[in-house]
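Notes follow the structure.
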Amino acid sequence: MNRRKFIQLGALTAPLLSARKSFADSFDQSTKPIVISTWDSGMPVNAEAWKILSANGTALDAVEAGARHIENEINCCVGLGGYPDRDGIVTLDSCIMDHQANCGAVAGIERIKHPVSVARKVMENTPHVILVGAGAQQFAVENGFVLEPEALSESAKKAYADWLKKSEYKPVINIENMPVDNRIKKQNGPFAPHFFEDGTANHDTMGLVAMDVTGNLSGAVTTSGMAFKLHGRVGDSPIIGAGLFVDNEIGAATSSGTGEEVIRICGTHLVVEFMRQGYSPEKACRKAVERIVNRDKEKAKTLQVGFLAMNKKGEYGAYAIQKGFVYSVKSDNENMIHTSKYLI
Ligand code: GLY
């Protein structure tokens, strides 16, 4: 290279190098690793994810471990101990997404304890993104997952019997956050069954997003979905862009609440796009909530949806339609439950 060319090249690359440096500088200020998850039941989920993050593990492994932890809880409404549909069958939805936009999901899967791990296998071992129902179960069994007994937990059995008396779907806003005393207490523990004495119940969704020590983002969601739903109903949780979205350049978001409303606005994709426009995680979540509420203000009064997001700096925030949405955060700096702001 002659001198003239070298000087020209230097002039061209200098701004690039300095831009790269300033990005690196701001990146170095970020909080990482960090994991955030929906609801107060996210505390033990975060603790499980933290074991991996604090040992320099990947965000992908951390979110899977967190989701598996809550799927193990027999008295939690996320896994097989959760609410049945109106035919008395527990069907589970889950998805997972990594920093390269690889993603996998299962919907309406029955008798499999860890749908999040099946979702990961869909992501890693197939050319597809979503498997549903019998096909998802077949895939799980072929990949070594055990077919669990077709039984409801004791509390789910009772709640279903009560519900059958009226067969009336009655959503209960924020049931996840109701005082435990208002629920049927089958066993003590952090995951009290989320059924009321009158048999009404709604749903829990565990959504979590993590950033690992390298700055990569991943997320996972797992749920039994809406209680007493029509058999075959799929909510937002296994839908990439609705219940979960990860864009490793910008941030990631997850949601909890009435899945149909989240699907209608591609909720978590929208939150990430608002962050791309420069909004903070909290403001981005608020703008997505506004999108739901502005569509039908009267209907919104009867619903709950909460969004939870993290940006690439490890800043996080949430927003909900109604009072009562909470979320859990774990990093080197904190280990606590936060209360979300709300719109109405
Ligand atoms: N957000 C969970 C569901 O609607 O199924």
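Each chain in the structure tokens gets a letter, A, B and so on, in the order shown; residues start at 1 in every chain, and ligands are counted from 1 in the order they appear.
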Practice problem: Enumerate, as a ChimeraX atom specification, the complete set of residues in region 74-178 of chain A that a backbone-based DSSP assignment places in alpha helix (DSSP H). | Solution: /A:115-125,133-142,154-166
Next, the residues of the selection above should be written as a short mmCIF file (atom, residue, chain, number, x, y, z; two decimals), in the first residue's frame with N, CA, C and O atoms.
data_model
loop_
_atom_site.label_atom_id
_atom_site.label_comp_id
_atom_site.auth_asym_id
_atom_site.auth_seq_id
_atom_site.Cartn_x
_atom_site.Cartn_y
_atom_site.Cartn_z
N PRO A 115 -41.99 -28.14 28.93
CA PRO A 115 -42.20 -27.63 27.56
C PRO A 115 -41.10 -26.69 27.09
O PRO A 115 -40.79 -26.64 25.90
N VAL A 116 -40.48 -25.95 28.03
CA VAL A 116 -39.44 -25.01 27.59
C VAL A 116 -38.25 -25.76 26.97
O VAL A 116 -37.64 -25.28 26.01
N SER A 117 -37.96 -26.96 27.51
CA SER A 117 -36.83 -27.71 26.95
C SER A 117 -37.21 -28.35 25.61
O SER A 117 -36.34 -28.53 24.75
N VAL A 118 -38.50 -28.68 25.46
CA VAL A 118 -38.95 -29.16 24.14
C VAL A 118 -38.83 -28.00 23.13
O VAL A 118 -38.36 -28.18 22.00
N ALA A 119 -39.23 -26.81 23.57
CA ALA A 119 -39.12 -25.63 22.69
C ALA A 119 -37.67 -25.43 22.26
O ALA A 119 -37.38 -25.12 21.09
N ARG A 120 -36.75 -25.63 23.19
CA ARG A 120 -35.33 -25.46 22.84
C ARG A 120 -34.90 -26.51 21.83
O ARG A 120 -34.10 -26.22 20.92
N LYS A 121 -35.41 -27.73 22.00
CA LYS A 121 -35.06 -28.78 21.02
C LYS A 121 -35.63 -28.46 19.64
O LYS A 121 -35.00 -28.73 18.62
N VAL A 122 -36.86 -27.91 19.62
CA VAL A 122 -37.44 -27.49 18.33
C VAL A 122 -36.49 -26.47 17.67
O VAL A 122 -36.19 -26.55 16.48
N MET A 123 -36.02 -25.55 18.48
CA MET A 123 -35.11 -24.50 17.98
C MET A 123 -33.81 -25.10 17.45
O MET A 123 -33.34 -24.72 16.37
N GLU A 124 -33.26 -26.02 18.21
CA GLU A 124 -31.90 -26.49 17.89
C GLU A 124 -31.85 -27.67 16.94
O GLU A 124 -30.88 -27.85 16.21
N ASN A 125 -32.91 -28.48 16.94
CA ASN A 125 -32.85 -29.74 16.19
C ASN A 125 -33.80 -29.83 15.01
O ASN A 125 -33.90 -30.89 14.40
N GLY A 133 -49.71 -29.33 19.78
CA GLY A 133 -50.54 -30.46 20.15
C GLY A 133 -49.85 -31.81 20.07
O GLY A 133 -48.76 -32.02 20.61
N ALA A 134 -50.53 -32.75 19.39
CA ALA A 134 -50.05 -34.13 19.32
C ALA A 134 -48.67 -34.21 18.66
O ALA A 134 -47.82 -35.02 19.06
N GLY A 135 -48.45 -33.37 17.67
CA GLY A 135 -47.15 -33.37 16.99
C GLY A 135 -46.02 -32.93 17.91
O GLY A 135 -44.91 -33.47 17.88
N ALA A 136 -46.32 -31.95 18.75
CA ALA A 136 -45.32 -31.47 19.71
C ALA A 136 -45.01 -32.57 20.72
O ALA A 136 -43.84 -32.81 21.07
N GLN A 137 -46.07 -33.25 21.16
CA GLN A 137 -45.86 -34.33 22.14
C GLN A 137 -45.06 -35.48 21.52
O GLN A 137 -44.15 -36.03 22.13
N GLN A 138 -45.40 -35.82 20.28
CA GLN A 138 -44.67 -36.90 19.58
C GLN A 138 -43.18 -36.55 19.46
O GLN A 138 -42.30 -37.36 19.72
N PHE A 139 -42.92 -35.31 19.09
CA PHE A 139 -41.53 -34.84 18.97
C PHE A 139 -40.82 -34.94 20.32
O PHE A 139 -39.66 -35.37 20.39
N ALA A 140 -41.54 -34.54 21.38
CA ALA A 140 -40.94 -34.58 22.72
C ALA A 140 -40.56 -36.02 23.09
O ALA A 140 -39.44 -36.29 23.53
N VAL A 141 -41.49 -36.94 22.89
CA VAL A 141 -41.25 -38.34 23.25
C VAL A 141 -40.08 -38.89 22.42
O VAL A 141 -39.20 -39.57 22.94
N GLU A 142 -40.08 -38.57 21.14
CA GLU A 142 -38.98 -39.04 20.26
C GLU A 142 -37.63 -38.50 20.72
O GLU A 142 -36.59 -39.09 20.44
N GLU A 154 -54.40 -32.12 42.68
CA GLU A 154 -55.60 -32.15 43.55
C GLU A 154 -56.34 -30.82 43.50
O GLU A 154 -57.56 -30.77 43.40
N SER A 155 -55.57 -29.72 43.58
CA SER A 155 -56.23 -28.41 43.60
C SER A 155 -56.89 -28.11 42.25
O SER A 155 -57.99 -27.55 42.19
N ALA A 156 -56.24 -28.52 41.17
CA ALA A 156 -56.82 -28.28 39.84
C ALA A 156 -58.10 -29.11 39.68
O ALA A 156 -59.08 -28.64 39.10
N LYS A 157 -58.07 -30.33 40.21
CA LYS A 157 -59.25 -31.21 40.12
C LYS A 157 -60.45 -30.54 40.80
O LYS A 157 -61.55 -30.49 40.28
N LYS A 158 -60.20 -30.00 41.99
CA LYS A 158 -61.29 -29.38 42.75
C LYS A 158 -61.79 -28.11 42.03
O LYS A 158 -62.99 -27.90 41.90
N ALA A 159 -60.85 -27.30 41.58
CA ALA A 159 -61.23 -26.07 40.92
C ALA A 159 -62.04 -26.36 39.66
O ALA A 159 -63.01 -25.68 39.35
N TYR A 160 -61.63 -27.39 38.95
CA TYR A 160 -62.34 -27.75 37.71
C TYR A 160 -63.75 -28.24 38.04
O TYR A 160 -64.73 -27.85 37.38
N ALA A 161 -63.86 -29.05 39.09
CA ALA A 161 -65.19 -29.54 39.49
C ALA A 161 -66.08 -28.36 39.86
O ALA A 161 -67.26 -28.30 39.47
N ASP A 162 -65.52 -27.39 40.59
CA ASP A 162 -66.30 -26.20 40.96
C ASP A 162 -66.70 -25.41 39.73
O ASP A 162 -67.82 -24.93 39.61
N TRP A 163 -65.75 -25.26 38.84
CA TRP A 163 -66.01 -24.46 37.64
C TRP A 163 -67.10 -25.10 36.78
O TRP A 163 -67.95 -24.40 36.21
N LEU A 164 -67.11 -26.43 36.75
CA LEU A 164 -68.10 -27.13 35.91
C LEU A 164 -69.54 -26.85 36.34
O LEU A 164 -70.46 -26.94 35.53
N LYS A 165 -69.72 -26.48 37.62
CA LYS A 165 -71.08 -26.24 38.10
C LYS A 165 -71.74 -25.14 37.28
O LYS A 165 -72.92 -25.18 37.00
N LYS A 166 -70.94 -24.12 36.91
CA LYS A 166 -71.51 -23.02 36.10
C LYS A 166 -70.94 -22.99 34.69
O LYS A 166 -71.51 -22.38 33.80
#
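Near ligand 1, the residues found within 7 Å are A:His203, A:Asp204, A:Thr205, A:Thr223, A:Ser224, A:Gly225, A:Met226, A:Val234, A:Gly235, A:Asp236, A:Ser237, A:Gly243, A:Ser255, A:Ser256, A:Gly257, A:Thr258, A:Gly259, A:Glu260 (criterion computed using only C-alpha atoms and all ligand atoms).
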Output for the residues just chosen: all heavy atoms as an mmCIF file, in the first residue's frame:
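part_38.cif, written as the output of this step:
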data_model
loop_
_atom_site.group_PDB
_atom_site.id
_atom_site.type_symbol
_atom_site.label_atom_id
_atom_site.label_comp_id
_atom_site.auth_asym_id
_atom_site.auth_seq_id
_atom_site.Cartn_x
_atom_site.Cartn_y
_atom_site.Cartn_z
ATOM 1 N N HIS A 203 -54.787 -17.227 34.969
ATOM 2 C CA HIS A 203 -53.578 -17.920 34.539
ATOM 3 C C HIS A 203 -52.347 -17.214 35.049
ATOM 4 O O HIS A 203 -52.390 -16.048 35.415
ATOM 5 C CB HIS A 203 -53.508 -17.987 33.021
ATOM 6 C CG HIS A 203 -53.611 -16.647 32.392
ATOM 7 N ND1 HIS A 203 -52.608 -15.725 32.427
ATOM 8 C CD2 HIS A 203 -54.635 -16.054 31.741
ATOM 9 C CE1 HIS A 203 -52.999 -14.638 31.806
ATOM 10 N NE2 HIS A 203 -54.221 -14.802 31.386
ATOM 11 N N ASP A 204 -51.302 -17.923 35.092
ATOM 12 C CA ASP A 204 -49.995 -17.327 35.352
ATOM 13 C C ASP A 204 -49.180 -17.493 34.094
ATOM 14 O O ASP A 204 -49.366 -18.464 33.373
ATOM 15 C CB ASP A 204 -49.248 -18.103 36.422
ATOM 16 C CG ASP A 204 -49.776 -17.834 37.789
ATOM 17 O OD1 ASP A 204 -51.004 -17.868 37.925
ATOM 18 O OD2 ASP A 204 -48.981 -17.610 38.682
ATOM 19 N N THR A 205 -48.264 -16.614 33.903
ATOM 20 C CA THR A 205 -47.293 -16.804 32.841
ATOM 21 C C THR A 205 -45.938 -16.444 33.402
ATOM 22 O O THR A 205 -45.784 -15.374 33.980
ATOM 23 C CB THR A 205 -47.617 -15.894 31.642
ATOM 24 O OG1 THR A 205 -48.943 -16.188 31.207
ATOM 25 C CG2 THR A 205 -46.637 -16.128 30.511
ATOM 26 N N THR A 223 -46.153 -21.444 30.317
ATOM 27 C CA THR A 223 -47.464 -21.225 30.937
ATOM 28 C C THR A 223 -48.411 -22.382 30.654
ATOM 29 O O THR A 223 -48.234 -23.119 29.674
ATOM 30 C CB THR A 223 -48.108 -19.918 30.388
ATOM 31 O OG1 THR A 223 -49.290 -19.631 31.140
ATOM 32 C CG2 THR A 223 -48.479 -20.027 28.932
ATOM 33 N N SER A 224 -49.419 -22.513 31.529
ATOM 34 C CA SER A 224 -50.530 -23.419 31.220
ATOM 35 C C SER A 224 -51.655 -22.637 30.555
ATOM 36 O O SER A 224 -52.709 -23.185 30.248
ATOM 37 C CB SER A 224 -51.036 -24.100 32.490
ATOM 38 O OG SER A 224 -51.392 -23.123 33.447
ATOM 39 N N GLY A 225 -51.435 -21.346 30.380
ATOM 40 C CA GLY A 225 -52.405 -20.530 29.646
ATOM 41 C C GLY A 225 -53.633 -20.216 30.471
ATOM 42 O O GLY A 225 -53.670 -20.403 31.687
ATOM 43 N N MET A 226 -54.614 -19.722 29.805
ATOM 44 C CA MET A 226 -55.835 -19.260 30.464
ATOM 45 C C MET A 226 -56.634 -20.443 31.014
ATOM 46 O O MET A 226 -56.845 -21.430 30.298
ATOM 47 C CB MET A 226 -56.648 -18.523 29.410
ATOM 48 C CG MET A 226 -57.767 -17.704 29.945
ATOM 49 S SD MET A 226 -58.477 -16.762 28.593
ATOM 50 C CE MET A 226 -57.412 -15.333 28.565
ATOM 51 N N VAL A 234 -54.616 -21.162 21.924
ATOM 52 C CA VAL A 234 -53.205 -20.814 22.123
ATOM 53 C C VAL A 234 -53.126 -19.332 22.472
ATOM 54 O O VAL A 234 -53.734 -18.502 21.793
ATOM 55 C CB VAL A 234 -52.375 -21.100 20.852
ATOM 56 C CG1 VAL A 234 -50.942 -20.613 21.019
ATOM 57 C CG2 VAL A 234 -52.397 -22.588 20.531
ATOM 58 N N GLY A 235 -52.411 -19.011 23.523
ATOM 59 C CA GLY A 235 -52.252 -17.611 23.921
ATOM 60 C C GLY A 235 -51.024 -16.986 23.295
ATOM 61 O O GLY A 235 -50.468 -17.483 22.308
ATOM 62 N N ASP A 236 -50.581 -15.916 23.898
ATOM 63 C CA ASP A 236 -49.420 -15.192 23.361
ATOM 64 C C ASP A 236 -48.095 -15.871 23.693
ATOM 65 O O ASP A 236 -47.093 -15.681 22.995
ATOM 66 C CB ASP A 236 -49.385 -13.765 23.914
ATOM 67 C CG ASP A 236 -49.325 -13.734 25.442
ATOM 68 O OD1 ASP A 236 -49.926 -14.627 26.081
ATOM 69 O OD2 ASP A 236 -48.689 -12.827 26.001
ATOM 70 N N SER A 237 -48.092 -16.682 24.765
ATOM 71 C CA SER A 237 -46.810 -17.147 25.327
ATOM 72 C C SER A 237 -45.903 -17.898 24.348
ATOM 73 O O SER A 237 -44.694 -17.703 24.391
ATOM 74 C CB SER A 237 -47.067 -18.000 26.565
ATOM 75 O OG SER A 237 -47.733 -17.229 27.518
ATOM 76 N N GLY A 243 -45.603 -13.078 23.017
ATOM 77 C CA GLY A 243 -45.210 -13.321 24.409
ATOM 78 C C GLY A 243 -43.734 -13.094 24.679
ATOM 79 O O GLY A 243 -43.324 -12.923 25.836
ATOM 80 N N SER A 255 -44.246 -10.830 28.180
ATOM 81 C CA SER A 255 -45.549 -10.315 28.607
ATOM 82 C C SER A 255 -46.274 -11.334 29.467
ATOM 83 O O SER A 255 -45.978 -12.528 29.433
ATOM 84 C CB SER A 255 -46.407 -9.980 27.392
ATOM 85 O OG SER A 255 -46.633 -11.161 26.643
ATOM 86 N N SER A 256 -47.257 -10.836 30.213
ATOM 87 C CA SER A 256 -48.154 -11.699 30.980
ATOM 88 C C SER A 256 -49.533 -11.062 30.932
ATOM 89 O O SER A 256 -49.657 -9.845 30.852
ATOM 90 C CB SER A 256 -47.651 -11.800 32.428
ATOM 91 O OG SER A 256 -48.472 -12.686 33.160
ATOM 92 N N GLY A 257 -50.553 -11.893 30.984
ATOM 93 C CA GLY A 257 -51.913 -11.348 30.951
ATOM 94 C C GLY A 257 -52.728 -11.989 29.855
ATOM 95 O O GLY A 257 -52.404 -13.095 29.401
ATOM 96 N N THR A 258 -53.758 -11.301 29.430
ATOM 97 C CA THR A 258 -54.681 -11.863 28.437
ATOM 98 C C THR A 258 -54.006 -11.928 27.075
ATOM 99 O O THR A 258 -53.843 -10.910 26.388
ATOM 100 C CB THR A 258 -55.965 -11.018 28.376
ATOM 101 O OG1 THR A 258 -56.481 -10.911 29.693
ATOM 102 C CG2 THR A 258 -57.007 -11.667 27.473
ATOM 103 N N GLY A 259 -53.639 -13.136 26.694
ATOM 104 C CA GLY A 259 -52.786 -13.331 25.527
ATOM 105 C C GLY A 259 -53.382 -12.815 24.228
ATOM 106 O O GLY A 259 -52.647 -12.326 23.356
ATOM 107 N N GLU A 260 -54.703 -12.901 24.104
ATOM 108 C CA GLU A 260 -55.330 -12.468 22.846
ATOM 109 C C GLU A 260 -55.026 -10.990 22.568
ATOM 110 O O GLU A 260 -54.784 -10.599 21.423
ATOM 111 C CB GLU A 260 -56.853 -12.682 22.925
ATOM 112 C CG GLU A 260 -57.307 -14.127 22.759
ATOM 113 C CD GLU A 260 -57.046 -15.028 23.977
ATOM 114 O OE1 GLU A 260 -56.554 -14.528 25.003
ATOM 115 O OE2 GLU A 260 -57.336 -16.240 23.886
#
Quiz item: How far is it from CA of Gly267 (chain A) to CA of Pro84 (chain A), in Å with one decimal?
Solution: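 Taking CA of Gly267 (chain A) and CA of Pro84 (chain A), their separation equals 25.4 Å.
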Quiz item: Taking only C-alpha atoms into account, which of A:Asn248, A:Asn46, A:Thr126, A:Thr302 comes nearest Glu64 (chain A)?
Solution: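 Using only C-alpha atoms, Glu64 (chain A) sits closest to A:Asn46.
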Self-check item: 6 Å contact set for region 283-291 of chain A, only C-alpha atoms, chain neighbours under 3 positions out, as a PyMOL selection string
Solution: chain A and resi 271+274-275+279-280+294+307+318-319
Selection from above, N, CA, C and O atoms, as an mmCIF file, in the first residue's frame, can you write it?
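Okay, this is what ended up in out-v9.cif:
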data_model
loop_
_atom_site.group_PDB
_atom_site.id
_atom_site.type_symbol
_atom_site.label_atom_id
_atom_site.label_comp_id
_atom_site.auth_asym_id
_atom_site.auth_seq_id
_atom_site.Cartn_x
_atom_site.Cartn_y
_atom_site.Cartn_z
ATOM 1 N N VAL A 271 -42.773 -3.604 21.709
ATOM 2 C CA VAL A 271 -41.968 -3.024 22.793
ATOM 3 C C VAL A 271 -40.511 -2.868 22.336
ATOM 4 O O VAL A 271 -39.887 -1.815 22.530
ATOM 5 N N PHE A 274 -40.160 -0.026 19.958
ATOM 6 C CA PHE A 274 -40.161 1.278 20.649
ATOM 7 C C PHE A 274 -38.802 1.541 21.295
ATOM 8 O O PHE A 274 -38.317 2.673 21.292
ATOM 9 N N MET A 275 -38.175 0.495 21.822
ATOM 10 C CA MET A 275 -36.828 0.698 22.393
ATOM 11 C C MET A 275 -35.855 1.075 21.276
ATOM 12 O O MET A 275 -34.961 1.891 21.462
ATOM 13 N N TYR A 279 -36.863 4.819 23.095
ATOM 14 C CA TYR A 279 -37.589 4.861 24.365
ATOM 15 C C TYR A 279 -36.933 3.942 25.399
ATOM 16 O O TYR A 279 -36.380 2.904 25.053
ATOM 17 N N SER A 280 -37.048 4.337 26.650
ATOM 18 C CA SER A 280 -36.562 3.479 27.740
ATOM 19 C C SER A 280 -37.439 2.227 27.793
ATOM 20 O O SER A 280 -38.566 2.230 27.270
ATOM 21 N N ASN A 294 -56.077 1.860 23.929
ATOM 22 C CA ASN A 294 -56.719 2.785 22.990
ATOM 23 C C ASN A 294 -57.613 2.072 21.981
ATOM 24 O O ASN A 294 -58.520 2.675 21.413
ATOM 25 N N PHE A 307 -46.293 -5.777 30.404
ATOM 26 C CA PHE A 307 -45.080 -5.992 29.604
ATOM 27 C C PHE A 307 -43.865 -5.728 30.487
ATOM 28 O O PHE A 307 -43.888 -4.844 31.346
ATOM 29 N N ALA A 318 -41.185 -1.914 33.228
ATOM 30 C CA ALA A 318 -42.439 -2.627 32.960
ATOM 31 C C ALA A 318 -43.587 -1.637 32.928
ATOM 32 O O ALA A 318 -43.454 -0.498 33.406
ATOM 33 N N TYR A 319 -44.698 -2.062 32.380
ATOM 34 C CA TYR A 319 -45.929 -1.272 32.431
ATOM 35 C C TYR A 319 -47.095 -2.219 32.257
ATOM 36 O O TYR A 319 -46.982 -3.222 31.549
#
Could you name the residues that touch Trp39 (chain A) at 7 Å or less, counting only C-alpha atoms, but leaving out those on the same chain fewer than 5 positions away, as a PDB file with N, CA and C atoms, in the first residue's frame?
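Saved to around-v7.pdb:
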ATOM      1  N   PHE A 325     -49.470  -5.584  38.656  1.00  0.00           N
ATOM      2  CA  PHE A 325     -48.413  -6.346  37.991  1.00  0.00           C
ATOM      3  C   PHE A 325     -47.097  -6.085  38.715  1.00  0.00           C
ATOM      4  N   VAL A 326     -46.402  -7.140  39.057  1.00  0.00           N
ATOM      5  CA  VAL A 326     -45.082  -7.011  39.688  1.00  0.00           C
ATOM      6  C   VAL A 326     -44.078  -7.876  38.926  1.00  0.00           C
ATOM      7  N   TYR A 327     -42.809  -7.580  39.115  1.00  0.00           N
ATOM      8  CA  TYR A 327     -41.774  -8.369  38.435  1.00  0.00           C
ATOM      9  C   TYR A 327     -40.527  -8.454  39.317  1.00  0.00           C
ATOM     10  N   SER A 328     -39.693  -9.431  39.026  1.00  0.00           N
ATOM     11  CA  SER A 328     -38.530  -9.732  39.873  1.00  0.00           C
ATOM     12  C   SER A 328     -37.238  -9.480  39.099  1.00  0.00           C
TER      13      SER A 328
END
Per-residue nearest contacts of region 24-60 of chain A to region 67-76 of chain A (10 Å; only C-alpha atoms) as a Markdown table:
| residue | atom | partner | partner_atom | distance |
| --- | --- | --- | --- | --- |
| A:Ser37 | CA | A:Ala67 | CA | 9.8 |
| A:Ser41 | CA | A:Ile70 | CA | 8.3 |
| A:Gly42 | CA | A:Ile70 | CA | 8.5 |
| A:Pro44 | CA | A:His69 | CA | 7.9 |
| A:Val45 | CA | A:His69 | CA | 6.2 |
| A:Asn46 | CA | A:Ala67 | CA | 9.2 |
| A:Ala47 | CA | A:His69 | CA | 9.6 |
| A:Glu48 | CA | A:His69 | CA | 7.0 |
| A:Ala49 | CA | A:Ala67 | CA | 8.5 |
Could those selected residues go to a file with N, CA, C and O atoms, as an mmCIF file, in the first residue's frame?
data_model
loop_
_atom_site.group_PDB
_atom_site.id
_atom_site.type_symbol
_atom_site.label_atom_id
_atom_site.label_comp_id
_atom_site.auth_asym_id
_atom_site.auth_seq_id
_atom_site.Cartn_x
_atom_site.Cartn_y
_atom_site.Cartn_z
ATOM 1 N N SER A 37 -37.878 -11.223 35.527
ATOM 2 C CA SER A 37 -38.962 -12.162 35.227
ATOM 3 C C SER A 37 -40.285 -11.651 35.769
ATOM 4 O O SER A 37 -40.324 -10.816 36.680
ATOM 5 N N SER A 41 -43.350 -14.617 41.736
ATOM 6 C CA SER A 41 -42.872 -16.005 41.612
ATOM 7 C C SER A 41 -41.611 -16.069 40.762
ATOM 8 O O SER A 41 -40.988 -17.126 40.642
ATOM 9 N N GLY A 42 -41.209 -14.929 40.208
ATOM 10 C CA GLY A 42 -39.952 -14.860 39.466
ATOM 11 C C GLY A 42 -38.717 -14.879 40.357
ATOM 12 O O GLY A 42 -37.605 -15.122 39.862
ATOM 13 N N PRO A 44 -37.589 -17.071 42.807
ATOM 14 C CA PRO A 44 -36.835 -18.339 42.748
ATOM 15 C C PRO A 44 -36.421 -18.710 41.322
ATOM 16 O O PRO A 44 -35.411 -19.399 41.131
ATOM 17 N N VAL A 45 -37.170 -18.237 40.365
ATOM 18 C CA VAL A 45 -36.810 -18.477 38.951
ATOM 19 C C VAL A 45 -35.509 -17.739 38.635
ATOM 20 O O VAL A 45 -34.571 -18.299 38.047
ATOM 21 N N ASN A 46 -35.445 -16.476 39.065
ATOM 22 C CA ASN A 46 -34.216 -15.692 38.855
ATOM 23 C C ASN A 46 -33.030 -16.338 39.575
ATOM 24 O O ASN A 46 -31.906 -16.352 39.048
ATOM 25 N N ALA A 47 -33.295 -16.848 40.781
ATOM 26 C CA ALA A 47 -32.202 -17.463 41.564
ATOM 27 C C ALA A 47 -31.602 -18.638 40.783
ATOM 28 O O ALA A 47 -30.384 -18.832 40.771
ATOM 29 N N GLU A 48 -32.463 -19.383 40.138
ATOM 30 C CA GLU A 48 -31.994 -20.535 39.358
ATOM 31 C C GLU A 48 -31.194 -20.060 38.135
ATOM 32 O O GLU A 48 -30.120 -20.590 37.830
ATOM 33 N N ALA A 49 -31.730 -19.052 37.463
ATOM 34 C CA ALA A 49 -31.030 -18.501 36.295
ATOM 35 C C ALA A 49 -29.686 -17.894 36.713
ATOM 36 O O ALA A 49 -28.682 -17.991 35.997
#
Quiz item: Which is closer to Thr58 (chain A) than all the others in A:Asp98, A:Glu110, A:Asp212, A:Glu148, using only C-alpha atoms?
Solution: A:Asp212
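Residue nearest Leu60 (chain A) within the list A:Thr38, A:Ser167, A:Asn335, A:Gln100: A:Gln100 [criterion: smallest interatomic distance, only C-alpha atoms].
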